[in-house]
Amino acid sequence: MKILLVDDEIELTDPLSRVLTREGYEVDVADNGATGDEFASQGNYDLLILDWMLPGKTGLSICQKLRSEGRATPVLFLTAKDTLDDRVQGLDAGADDYLVKPFELRELLARVRALLRRPSMLETGGIVPGSCNRLRVADLELDFDNQLAYRRGRTIDLSEKECQLLEYLMRYTGQLLTHEQIHQYLWSEGEKPSSNVLAAQIRLLRRKIEAAGDLPLIHTVYGKGYRLGEGS
């Protein structure tokens, strides 16, 4: 497996590239956005790990260019930009995952393994070709820009939070997302929703996207979180 690591912090890239190499990956490193973009365009990589703020060209721009070309190489943002708006913008640009610095090495390696296990979303129908802001799982399609979902001929209006929640679940189809992960994605550190708010959001979302006769897609993993997919 071949990984491209693009970050201008040498004190991070040197030890991280060594760790990834010890894990059995082939690693190329770029310390600026222009070089990273060139490597990404020319290299046949299985995963890109991008910092957001880079000299020359941002990681966001690299990701957007990659997706505009129809390329589905998994992208993990590794960045100090930690607000909800930042995470949403990064995922909207086509990133597959988002990890905030400082980070735990074990978590990074786990996310790398998870992304490399996943088939290309373009190959499996996850991202609708031609748009980074449309997702499809089974017969459910999400238009993130317009806060609309479509299923079996129905147009489903979504609230902002419902749209964000569904987008997060669909981007990680088949994976267990814990209560903590979803809370961190949907609410900023300054917001403190009560413990039953997430469960209420899930109930409301289910009512909208799982009408009578529809295959259930949102599955509860009791005591842990939720998983979206056709299987239970």
# chains A, B, ... in the order shown; residues from 1 in each chain; ligands from 1
call {"tool": "select_by_dssp", "arguments": {"residues": "segment 62-98 of chain A", "states": "strand (DSSP E or B)", "output": "JSON list (two decimals) with N, CA, C and O atoms, in the first residue's frame"}}
result
[["chain", "number", "residue", "atom", "x", "y", "z"],
["A", 75, "VAL", "N", -8.82, 10.21, 1.21],
["A", 75, "VAL", "CA", -8.11, 11.37, 1.73],
["A", 75, "VAL", "C", -8.40, 11.52, 3.22],
["A", 75, "VAL", "O", -9.57, 11.54, 3.64],
["A", 76, "LEU", "N", -7.35, 11.63, 4.01],
["A", 76, "LEU", "CA", -7.46, 11.89, 5.45],
["A", 76, "LEU", "C", -6.83, 13.24, 5.72],
["A", 76, "LEU", "O", -5.64, 13.45, 5.45],
["A", 77, "PHE", "N", -7.63, 14.17, 6.25],
["A", 77, "PHE", "CA", -7.08, 15.46, 6.66],
["A", 77, "PHE", "C", -6.48, 15.30, 8.06],
["A", 77, "PHE", "O", -7.12, 14.77, 8.98],
["A", 78, "LEU", "N", -5.26, 15.78, 8.23],
["A", 78, "LEU", "CA", -4.56, 15.79, 9.52],
["A", 78, "LEU", "C", -4.20, 17.24, 9.78],
["A", 78, "LEU", "O", -3.23, 17.76, 9.23],
["A", 79, "THR", "N", -4.99, 17.93, 10.61],
["A", 79, "THR", "CA", -4.89, 19.38, 10.67],
["A", 79, "THR", "C", -5.22, 19.92, 12.05],
["A", 79, "THR", "O", -5.89, 19.26, 12.84],
["A", 97, "ASP", "N", -11.96, 11.30, 5.80],
["A", 97, "ASP", "CA", -11.83, 11.32, 7.26],
["A", 97, "ASP", "C", -11.10, 12.59, 7.66],
["A", 97, "ASP", "O", -10.46, 13.25, 6.82],
["A", 98, "TYR", "N", -11.17, 12.91, 8.95],
["A", 98, "TYR", "CA", -10.67, 14.20, 9.43],
["A", 98, "TYR", "C", -10.17, 13.98, 10.86],
["A", 98, "TYR", "O", -10.94, 13.58, 11.74]]
call {"tool": "residues_around", "arguments": {"residues": "Ala199 of chain A", "least_positions_apart": "3", "cutoff": "12 Å", "atoms": "only C-alpha atoms", "output": "PDB file with N, CA, C and O atoms, in the first residue's frame"}}
result
ATOM      1  N   GLU A 162     -30.094  17.219  10.800  1.00  0.00           N
ATOM      2  CA  GLU A 162     -30.421  15.928  10.188  1.00  0.00           C
ATOM      3  C   GLU A 162     -29.551  15.679   8.966  1.00  0.00           C
ATOM      4  O   GLU A 162     -29.075  14.565   8.747  1.00  0.00           O
ATOM      5  N   LEU A 165     -26.031  14.850  10.136  1.00  0.00           N
ATOM      6  CA  LEU A 165     -25.995  13.507  10.714  1.00  0.00           C
ATOM      7  C   LEU A 165     -26.050  12.443   9.629  1.00  0.00           C
ATOM      8  O   LEU A 165     -25.257  11.491   9.639  1.00  0.00           O
ATOM      9  N   HIS A 179     -21.249   7.094  19.908  1.00  0.00           N
ATOM     10  CA  HIS A 179     -21.958   8.288  20.369  1.00  0.00           C
ATOM     11  C   HIS A 179     -20.999   9.472  20.465  1.00  0.00           C
ATOM     12  O   HIS A 179     -21.338  10.585  20.063  1.00  0.00           O
ATOM     13  N   ILE A 182     -20.040  10.947  17.001  1.00  0.00           N
ATOM     14  CA  ILE A 182     -21.133  11.707  16.396  1.00  0.00           C
ATOM     15  C   ILE A 182     -21.340  13.023  17.127  1.00  0.00           C
ATOM     16  O   ILE A 182     -21.552  14.071  16.502  1.00  0.00           O
ATOM     17  N   HIS A 183     -21.256  12.995  18.467  1.00  0.00           N
ATOM     18  CA  HIS A 183     -21.377  14.237  19.236  1.00  0.00           C
ATOM     19  C   HIS A 183     -20.302  15.236  18.818  1.00  0.00           C
ATOM     20  O   HIS A 183     -20.579  16.426  18.622  1.00  0.00           O
ATOM     21  N   PRO A 193     -25.293  19.386  24.426  1.00  0.00           N
ATOM     22  CA  PRO A 193     -26.638  18.833  24.326  1.00  0.00           C
ATOM     23  C   PRO A 193     -26.871  17.781  25.397  1.00  0.00           C
ATOM     24  O   PRO A 193     -25.935  17.118  25.849  1.00  0.00           O
ATOM     25  N   SER A 194     -28.109  17.630  25.808  1.00  0.00           N
ATOM     26  CA  SER A 194     -28.429  16.614  26.802  1.00  0.00           C
ATOM     27  C   SER A 194     -28.203  15.229  26.213  1.00  0.00           C
ATOM     28  O   SER A 194     -28.111  15.053  24.993  1.00  0.00           O
ATOM     29  N   SER A 195     -28.141  14.239  27.083  1.00  0.00           N
ATOM     30  CA  SER A 195     -27.733  12.900  26.662  1.00  0.00           C
ATOM     31  C   SER A 195     -28.703  12.266  25.671  1.00  0.00           C
ATOM     32  O   SER A 195     -28.324  11.371  24.918  1.00  0.00           O
ATOM     33  N   ASN A 196     -29.968  12.708  25.676  1.00  0.00           N
ATOM     34  CA  ASN A 196     -30.930  12.068  24.784  1.00  0.00           C
ATOM     35  C   ASN A 196     -31.132  12.811  23.467  1.00  0.00           C
ATOM     36  O   ASN A 196     -31.964  12.424  22.652  1.00  0.00           O
ATOM     37  N   ILE A 202     -31.712  10.814  15.839  1.00  0.00           N
ATOM     38  CA  ILE A 202     -31.771   9.557  15.095  1.00  0.00           C
ATOM     39  C   ILE A 202     -33.216   9.154  14.840  1.00  0.00           C
ATOM     40  O   ILE A 202     -33.586   8.736  13.726  1.00  0.00           O
ATOM     41  N   ARG A 203     -34.085   9.277  15.863  1.00  0.00           N
ATOM     42  CA  ARG A 203     -35.496   8.916  15.694  1.00  0.00           C
ATOM     43  C   ARG A 203     -36.155   9.772  14.604  1.00  0.00           C
ATOM     44  O   ARG A 203     -36.883   9.251  13.745  1.00  0.00           O
ATOM     45  N   LEU A 204     -35.904  11.073  14.650  1.00  0.00           N
ATOM     46  CA  LEU A 204     -36.487  11.971  13.651  1.00  0.00           C
ATOM     47  C   LEU A 204     -35.997  11.640  12.250  1.00  0.00           C
ATOM     48  O   LEU A 204     -36.764  11.644  11.283  1.00  0.00           O
ATOM     49  N   LEU A 205     -34.698  11.342  12.138  1.00  0.00           N
ATOM     50  CA  LEU A 205     -34.130  11.020  10.834  1.00  0.00           C
ATOM     51  C   LEU A 205     -34.708   9.716  10.299  1.00  0.00           C
ATOM     52  O   LEU A 205     -35.051   9.607   9.112  1.00  0.00           O
ATOM     53  N   ARG A 206     -34.840   8.727  11.167  1.00  0.00           N
ATOM     54  CA  ARG A 206     -35.417   7.450  10.742  1.00  0.00           C
ATOM     55  C   ARG A 206     -36.839   7.629  10.219  1.00  0.00           C
ATOM     56  O   ARG A 206     -37.233   7.030   9.216  1.00  0.00           O
ATOM     57  N   ILE A 218     -30.560   2.715   9.135  1.00  0.00           N
ATOM     58  CA  ILE A 218     -29.849   3.163  10.337  1.00  0.00           C
ATOM     59  C   ILE A 218     -30.041   2.121  11.426  1.00  0.00           C
ATOM     60  O   ILE A 218     -31.167   1.835  11.845  1.00  0.00           O
ATOM     61  N   HIS A 219     -28.964   1.544  11.874  1.00  0.00           N
ATOM     62  CA  HIS A 219     -29.014   0.465  12.854  1.00  0.00           C
ATOM     63  C   HIS A 219     -28.353   0.899  14.158  1.00  0.00           C
ATOM     64  O   HIS A 219     -27.266   1.480  14.140  1.00  0.00           O
ATOM     65  N   THR A 220     -29.004   0.608  15.255  1.00  0.00           N
ATOM     66  CA  THR A 220     -28.478   0.936  16.580  1.00  0.00           C
ATOM     67  C   THR A 220     -27.572  -0.183  17.062  1.00  0.00           C
ATOM     68  O   THR A 220     -27.946  -1.362  17.008  1.00  0.00           O
ATOM     69  N   VAL A 221     -26.377   0.174  17.497  1.00  0.00           N
ATOM     70  CA  VAL A 221     -25.478  -0.770  18.161  1.00  0.00           C
ATOM     71  C   VAL A 221     -25.559  -0.411  19.638  1.00  0.00           C
ATOM     72  O   VAL A 221     -24.950   0.565  20.087  1.00  0.00           O
ATOM     73  N   TYR A 222     -26.360  -1.143  20.365  1.00  0.00           N
ATOM     74  CA  TYR A 222     -26.754  -0.734  21.716  1.00  0.00           C
ATOM     75  C   TYR A 222     -25.554  -0.536  22.632  1.00  0.00           C
ATOM     76  O   TYR A 222     -24.647  -1.358  22.691  1.00  0.00           O
ATOM     77  N   GLY A 223     -25.574   0.615  23.286  1.00  0.00           N
ATOM     78  CA  GLY A 223     -24.515   0.974  24.209  1.00  0.00           C
ATOM     79  C   GLY A 223     -23.274   1.548  23.553  1.00  0.00           C
ATOM     80  O   GLY A 223     -22.351   1.980  24.242  1.00  0.00           O
ATOM     81  N   LYS A 224     -23.259   1.574  22.220  1.00  0.00           N
ATOM     82  CA  LYS A 224     -22.056   2.045  21.516  1.00  0.00           C
ATOM     83  C   LYS A 224     -22.336   3.181  20.545  1.00  0.00           C
ATOM     84  O   LYS A 224     -21.705   4.227  20.610  1.00  0.00           O
ATOM     85  N   GLY A 225     -23.287   2.996  19.625  1.00  0.00           N
ATOM     86  CA  GLY A 225     -23.522   4.042  18.637  1.00  0.00           C
ATOM     87  C   GLY A 225     -24.438   3.571  17.548  1.00  0.00           C
ATOM     88  O   GLY A 225     -25.377   2.808  17.786  1.00  0.00           O
ATOM     89  N   TYR A 226     -24.135   3.973  16.290  1.00  0.00           N
ATOM     90  CA  TYR A 226     -25.015   3.684  15.164  1.00  0.00           C
ATOM     91  C   TYR A 226     -24.188   3.309  13.933  1.00  0.00           C
ATOM     92  O   TYR A 226     -23.050   3.726  13.790  1.00  0.00           O
TER      93      TYR A 226
END
call {"tool": "residues_around", "arguments": {"residues": "segment 168-174 of chain A", "least_positions_apart": "5", "cutoff": "7 Å", "atoms": "only C-alpha atoms", "output": "list in words"}}
result
Leu135, Val137, Arg227, Leu228 and Gly229 of chain A
call {"tool": "closest_residue", "arguments": {"among": "A:Glu69, A:Asp92, A:Asp8, A:Asp139", "to": "Pro216 of chain A", "atoms": "only C-alpha atoms"}}
result
A:Asp139
call {"tool": "select_by_dssp", "arguments": {"residues": "segment 22-69 of chain A", "states": "helix (DSSP H, G or I)", "output": "list in words"}}
result
Arg22, Gly33, Ala34, Thr35, Gly36, Asp37, Glu38, Phe39, Ala40, Ser41, Gln42, Gly59, Leu60, Ser61, Ile62, Cys63, Gln64, Lys65, Leu66, Arg67 and Ser68 of chain A
call {"tool": "atom_distance", "arguments": {"atom1": "atom CA of Leu115 of chain A", "atom2": "atom CA of Phe144 of chain A"}}
result
22.0 Å
call {"tool": "closest_residue", "arguments": {"among": "A:Trp187, A:Leu176, A:Arg67, A:Ala40", "to": "Lys161 of chain A", "atoms": "only C-alpha atoms"}}
result
A:Trp187
call {"tool": "atom_distance", "arguments": {"atom1": "atom CA of Gln175 of chain A", "atom2": "atom CA of Ala114 of chain A"}}
result
9.1 Å
call {"tool": "closest_residue", "arguments": {"among": "A:Asp51, A:Asp86, A:Glu107, A:Asp157", "to": "Arg207 of chain A", "atoms": "only C-alpha atoms"}}
result
A:Asp157
call {"tool": "residues_around", "arguments": {"residues": "Ile156 of chain A", "least_positions_apart": "6", "cutoff": "10 Å", "atoms": "only C-alpha atoms", "output": "ChimeraX atom specification"}}
result
/A:141-142,147-150,208-209
call {"tool": "write_last_selection", "arguments": {"atoms": "all heavy atoms", "output": "PDB file, in the first residue's frame"}}
result
ATOM      1  N   GLU A 141     -30.429   8.630  -1.503  1.00  0.00           N
ATOM      2  CA  GLU A 141     -29.480   9.607  -2.021  1.00  0.00           C
ATOM      3  C   GLU A 141     -29.594  10.891  -1.220  1.00  0.00           C
ATOM      4  O   GLU A 141     -30.697  11.325  -0.864  1.00  0.00           O
ATOM      5  CB  GLU A 141     -29.745   9.897  -3.496  1.00  0.00           C
ATOM      6  CG  GLU A 141     -28.728  10.834  -4.132  1.00  0.00           C
ATOM      7  CD  GLU A 141     -28.955  11.023  -5.627  1.00  0.00           C
ATOM      8  OE1 GLU A 141     -29.407  10.066  -6.285  1.00  0.00           O
ATOM      9  OE2 GLU A 141     -28.669  12.123  -6.132  1.00  0.00           O
ATOM     10  N   LEU A 142     -28.456  11.504  -0.915  1.00  0.00           N
ATOM     11  CA  LEU A 142     -28.418  12.750  -0.155  1.00  0.00           C
ATOM     12  C   LEU A 142     -27.819  13.854  -1.005  1.00  0.00           C
ATOM     13  O   LEU A 142     -26.739  13.705  -1.562  1.00  0.00           O
ATOM     14  CB  LEU A 142     -27.580  12.580   1.121  1.00  0.00           C
ATOM     15  CG  LEU A 142     -27.317  13.857   1.941  1.00  0.00           C
ATOM     16  CD1 LEU A 142     -28.613  14.416   2.508  1.00  0.00           C
ATOM     17  CD2 LEU A 142     -26.301  13.589   3.057  1.00  0.00           C
ATOM     18  N   GLN A 147     -29.878  20.227   1.363  1.00  0.00           N
ATOM     19  CA  GLN A 147     -30.508  19.614   2.536  1.00  0.00           C
ATOM     20  C   GLN A 147     -31.726  18.774   2.142  1.00  0.00           C
ATOM     21  O   GLN A 147     -32.791  18.845   2.760  1.00  0.00           O
ATOM     22  CB  GLN A 147     -30.909  20.670   3.569  1.00  0.00           C
ATOM     23  CG  GLN A 147     -29.740  21.296   4.291  1.00  0.00           C
ATOM     24  CD  GLN A 147     -30.137  22.254   5.403  1.00  0.00           C
ATOM     25  OE1 GLN A 147     -29.362  23.129   5.786  1.00  0.00           O
ATOM     26  NE2 GLN A 147     -31.323  22.110   5.939  1.00  0.00           N
ATOM     27  N   LEU A 148     -31.529  17.956   1.105  1.00  0.00           N
ATOM     28  CA  LEU A 148     -32.604  17.099   0.621  1.00  0.00           C
ATOM     29  C   LEU A 148     -32.101  15.664   0.499  1.00  0.00           C
ATOM     30  O   LEU A 148     -30.942  15.426   0.162  1.00  0.00           O
ATOM     31  CB  LEU A 148     -33.099  17.557  -0.753  1.00  0.00           C
ATOM     32  CG  LEU A 148     -33.785  18.922  -0.837  1.00  0.00           C
ATOM     33  CD1 LEU A 148     -34.027  19.290  -2.292  1.00  0.00           C
ATOM     34  CD2 LEU A 148     -35.101  18.917  -0.056  1.00  0.00           C
ATOM     35  N   ALA A 149     -32.991  14.717   0.774  1.00  0.00           N
ATOM     36  CA  ALA A 149     -32.720  13.312   0.525  1.00  0.00           C
ATOM     37  C   ALA A 149     -33.780  12.792  -0.435  1.00  0.00           C
ATOM     38  O   ALA A 149     -34.881  13.353  -0.525  1.00  0.00           O
ATOM     39  CB  ALA A 149     -32.733  12.516   1.822  1.00  0.00           C
ATOM     40  N   TYR A 150     -33.436  11.731  -1.160  1.00  0.00           N
ATOM     41  CA  TYR A 150     -34.362  11.140  -2.124  1.00  0.00           C
ATOM     42  C   TYR A 150     -34.387   9.632  -1.903  1.00  0.00           C
ATOM     43  O   TYR A 150     -33.340   8.991  -1.788  1.00  0.00           O
ATOM     44  CB  TYR A 150     -33.923  11.435  -3.562  1.00  0.00           C
ATOM     45  CG  TYR A 150     -33.760  12.904  -3.855  1.00  0.00           C
ATOM     46  CD1 TYR A 150     -32.516  13.523  -3.715  1.00  0.00           C
ATOM     47  CD2 TYR A 150     -34.847  13.679  -4.263  1.00  0.00           C
ATOM     48  CE1 TYR A 150     -32.368  14.876  -3.984  1.00  0.00           C
ATOM     49  CE2 TYR A 150     -34.707  15.033  -4.529  1.00  0.00           C
ATOM     50  CZ  TYR A 150     -33.464  15.617  -4.393  1.00  0.00           C
ATOM     51  OH  TYR A 150     -33.310  16.960  -4.641  1.00  0.00           O
ATOM     52  N   LYS A 208     -38.074  10.030   8.735  1.00  0.00           N
ATOM     53  CA  LYS A 208     -38.082  10.672   7.422  1.00  0.00           C
ATOM     54  C   LYS A 208     -37.578   9.753   6.315  1.00  0.00           C
ATOM     55  O   LYS A 208     -38.118   9.751   5.201  1.00  0.00           O
ATOM     56  CB  LYS A 208     -37.238  11.952   7.461  1.00  0.00           C
ATOM     57  CG  LYS A 208     -37.872  13.069   8.281  1.00  0.00           C
ATOM     58  CD  LYS A 208     -37.100  14.373   8.123  1.00  0.00           C
ATOM     59  CE  LYS A 208     -37.803  15.514   8.830  1.00  0.00           C
ATOM     60  NZ  LYS A 208     -37.125  16.823   8.621  1.00  0.00           N
ATOM     61  N   ILE A 209     -36.520   8.996   6.584  1.00  0.00           N
ATOM     62  CA  ILE A 209     -35.898   8.230   5.500  1.00  0.00           C
ATOM     63  C   ILE A 209     -36.338   6.768   5.470  1.00  0.00           C
ATOM     64  O   ILE A 209     -36.025   6.063   4.513  1.00  0.00           O
ATOM     65  CB  ILE A 209     -34.355   8.306   5.555  1.00  0.00           C
ATOM     66  CG1 ILE A 209     -33.808   7.536   6.759  1.00  0.00           C
ATOM     67  CG2 ILE A 209     -33.877   9.747   5.550  1.00  0.00           C
ATOM     68  CD1 ILE A 209     -32.313   7.364   6.727  1.00  0.00           C
TER      69      ILE A 209
END
call {"tool": "residues_around", "arguments": {"residues": "Gly59 of chain A", "least_positions_apart": "5", "cutoff": "9 Å", "atoms": "only C-alpha atoms", "output": "list in words"}}
result
Val6, Asp7, Gly33, Gly36, Asp37, Leu50, Asp51, Trp52, Met53, Leu54, Gln64 and Phe77 of chain A
